[in-house]
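Asker: Let me give you the structure first, and then I'll get to my questions.
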Amino acid sequence: MTLSVGDALIQRIAGKTATVGIIGLGYVGLPLAIEVCRSGYRAVGFDTDERRNAELRAHHSYIEAVPNEALAEFIGAKRLGATSDEKSLGECDVVIVCVPTPLDENRGPDLGHVLAASHAIARNMKRGALVVIESTVQPGATVDFVKPILDATGLRCGEDYFLAYSPERVDPGNQKHRTHSIPKLFAGVEAESTRVGLALYSRVFGRVIPVSSTGVAEAAKLTENVFRAVNIALVNDLKIAFDAIGIDVWEVIEAASTKPFGFMPFFPGPGLGGHCIPVDPIYLQWSARAAGAPSKLIDAASEVNDRMPHHVVERLGAELAATRRKDLKGAKILVIGMAYKPNISDVRESPGLEILDLLRRAGASPLFHDPLVDSLRPPWATDRDAAMRSSPLTAQSAADVDAALIVTDHDAIDYALLSKHARLIVDTRNAMRKRGLPTKNVRMA
């Protein structure tokens, strides 16, 4: 009996003879490629940045979650490839898309990378292939934008090829929850695509949860990060209110967290960062607005979170004036931590970048220290400007600045040295107190 196209692919998946292509080798795609290899499959990674591919072929990882030893193992055994040649997609039984989805110049969804990947797949896709989108997109995007590109090949979805959506849930720097152990949502655009896709994903991930449609899966990913953005906005708003009242927001959160139900702690900070939380609410709001039902809560949360870098700089200026009788203009400020979250090197959308810019616009002389970020391009840099390099944190450098501003509390920062030698520390993360350090020279923001 002749196998159906779907059954033939499932048979290759079950026998570990299927080749899996992964487009985009960043924080999502590269760890996924490693998990695919660990599950017994051959993986081919595609990235338009040939410098990345060369690093991988040299067994050098640029992602904290992927050790060099894993690259050496799988690339050395020819079970993992890294290329920018899209023609290699033609040998893949499965292609998973893990490319960025930023905002466009009008702060709307920019699916340019997803569409480019879809066209590359369409130009090379063989009959019987499975395509899975993992990039964050607005509800309906897989069916409305990706499927027509693949259908234009003349192949029929659900019969000649299969299409599904499974949102990435990577949390860079999280040591407890890794790619394999994070539950995966999964939906095909129709039943056969779901059946075929689950055959692979159930072998790569510890737990896979099918949902009824790609729209539900797309919306669930956005909802997860809208939830975080709104709750972060709430505690940021409470921080400002409690500070005006004269109450410590950090102690309030600690006290409220003793309730064993009905409360989940979120913590204030200098603003949102990373590729997901600042961007995903806007993707959902764009869809809601297009449907004539924009969310007032999302807009309010975005306004609060967008305002936080300004609030931090204003507080810094007020503390300089109150404790050192000095203006921000002409002040030398050491920003501690530039990554968007602790213990990673990713500066995408980091509030630290905006804070650097605001300090410079106020006439201050900002420096930064980050043990995980050697250098970066500040917001004001032109093509001719040199990158800004991380300054060493020493007793002398801490004493030489007018204030240190803690933006990201990496574990590797020498807070004891900072506490001993900095004349003024403005702490946006409660980093000093939670480490039990003296707070005589510390002010919260």
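Each chain of the structure tokens is named A, B, ... in the order shown, its residues numbered from 1; ligands are numbered from 1 in display order.
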Leaving out range 103-120 of chain A and any residue of its chain fewer than 6 positions from it, which residues lie within 8 Å of it when counting only C-alpha atoms, given as a list in words?
Answerer: Ile23, Glu86, Val97, Ser135, Val137, Gln138, Phe145, Val146, Ile149, Leu150, Val279, Ile282, Tyr283 and Trp286 of chain A
Asker: Got a sec: who's within 10 Å of range 258-270 of chain A, counting only C-alpha atoms, leaving out chain neighbours fewer than 3 positions off, as number ranges by chain?
Answerer: A: 228-229, 231-240, 249-250, 253-255, 273, 305-313, 340, 350-352, 354-355, 406-408, 427-430, 445
Asker: Residues of the last selection are to be written out with C-alpha atoms, as an mmCIF file, in the first residue's frame.
Answerer:
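selection.cif, freshly written:
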data_model
loop_
_atom_site.group_PDB
_atom_site.id
_atom_site.type_symbol
_atom_site.label_atom_id
_atom_site.label_comp_id
_atom_site.auth_asym_id
_atom_site.auth_seq_id
_atom_site.Cartn_x
_atom_site.Cartn_y
_atom_site.Cartn_z
ATOM 1 C CA ARG A 228 4.085 40.566 31.624
ATOM 2 C CA ALA A 229 4.155 44.047 30.105
ATOM 3 C CA ASN A 231 2.005 43.780 35.230
ATOM 4 C CA ILE A 232 5.438 45.391 34.926
ATOM 5 C CA ALA A 233 3.682 48.650 34.092
ATOM 6 C CA LEU A 234 1.520 48.224 37.194
ATOM 7 C CA VAL A 235 4.487 47.887 39.557
ATOM 8 C CA ASN A 236 6.328 50.705 37.787
ATOM 9 C CA ASP A 237 3.273 52.906 38.303
ATOM 10 C CA LEU A 238 3.018 51.796 41.942
ATOM 11 C CA LYS A 239 6.721 52.522 42.447
ATOM 12 C CA ILE A 240 6.198 56.152 41.456
ATOM 13 C CA VAL A 249 7.684 49.534 46.834
ATOM 14 C CA TRP A 250 10.184 46.673 47.193
ATOM 15 C CA ILE A 253 5.968 43.582 47.014
ATOM 16 C CA GLU A 254 7.821 41.334 49.465
ATOM 17 C CA ALA A 255 4.990 41.697 51.976
ATOM 18 C CA GLY A 273 13.899 45.545 27.108
ATOM 19 C CA ASN A 305 6.808 51.517 30.619
ATOM 20 C CA ASP A 306 8.021 53.884 27.886
ATOM 21 C CA ARG A 307 8.206 56.650 30.473
ATOM 22 C CA MET A 308 10.476 54.767 32.919
ATOM 23 C CA PRO A 309 13.892 55.678 31.429
ATOM 24 C CA HIS A 310 12.882 59.352 31.676
ATOM 25 C CA HIS A 311 11.750 58.843 35.278
ATOM 26 C CA VAL A 312 15.068 57.184 36.164
ATOM 27 C CA VAL A 313 17.131 60.032 34.695
ATOM 28 C CA TYR A 340 18.159 44.197 28.901
ATOM 29 C CA SER A 350 17.526 47.678 26.463
ATOM 30 C CA PRO A 351 16.336 50.677 28.503
ATOM 31 C CA GLY A 352 20.012 51.286 29.219
ATOM 32 C CA GLU A 354 17.796 55.137 26.030
ATOM 33 C CA ILE A 355 19.155 56.108 29.438
ATOM 34 C CA ILE A 406 22.374 50.464 38.349
ATOM 35 C CA VAL A 407 20.279 49.539 35.313
ATOM 36 C CA THR A 408 20.957 45.776 35.039
ATOM 37 C CA ASP A 427 19.594 51.696 42.130
ATOM 38 C CA THR A 428 16.696 50.804 39.819
ATOM 39 C CA ARG A 429 16.807 47.063 40.625
ATOM 40 C CA ASN A 430 17.105 46.862 44.433
ATOM 41 C CA ALA A 445 14.780 55.005 41.469
#
Asker: Can you pull out every residue within 7 Å of range 123-127 of chain A, counting only C-alpha atoms, but drop anything in the same chain fewer than 2 positions away, and send it as a compact mmCIF listing (two decimals) with C-alpha atoms, in the first residue's frame?
Answerer:
# COMPACT_ATOMS: atom_id res chain seq x y z
CA LYS A 87 19.33 26.01 -2.15
CA LEU A 89 16.49 24.10 1.83
CA GLY A 90 15.60 21.72 -0.99
CA HIS A 119 9.76 33.08 -0.32
CA ALA A 120 13.10 31.29 0.10
CA ILE A 121 11.27 28.16 1.23
CA ALA A 129 7.83 19.14 3.38
CA ASP A 160 1.53 18.15 -0.81
CA TYR A 161 3.08 20.18 2.01
Asker: For CA of Arg377 in chain A and CA of Val170 in chain A, determine how far apart the two atoms are, in Å to one decimal place.
Answerer: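 Atom-to-atom, CA of Arg377 in chain A and CA of Val170 in chain A are spaced 25.2 Å apart.
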Asker: Any idea what's packed within 12 Å of Ile10 in chain A, counting only C-alpha atoms, ignoring anything in its chain fewer than 2 positions away? Could you give it as a VMD selection string?
Answerer: chain A and resid 3 to 8 12 to 18 93 to 94 128 to 130 162 192 to 203
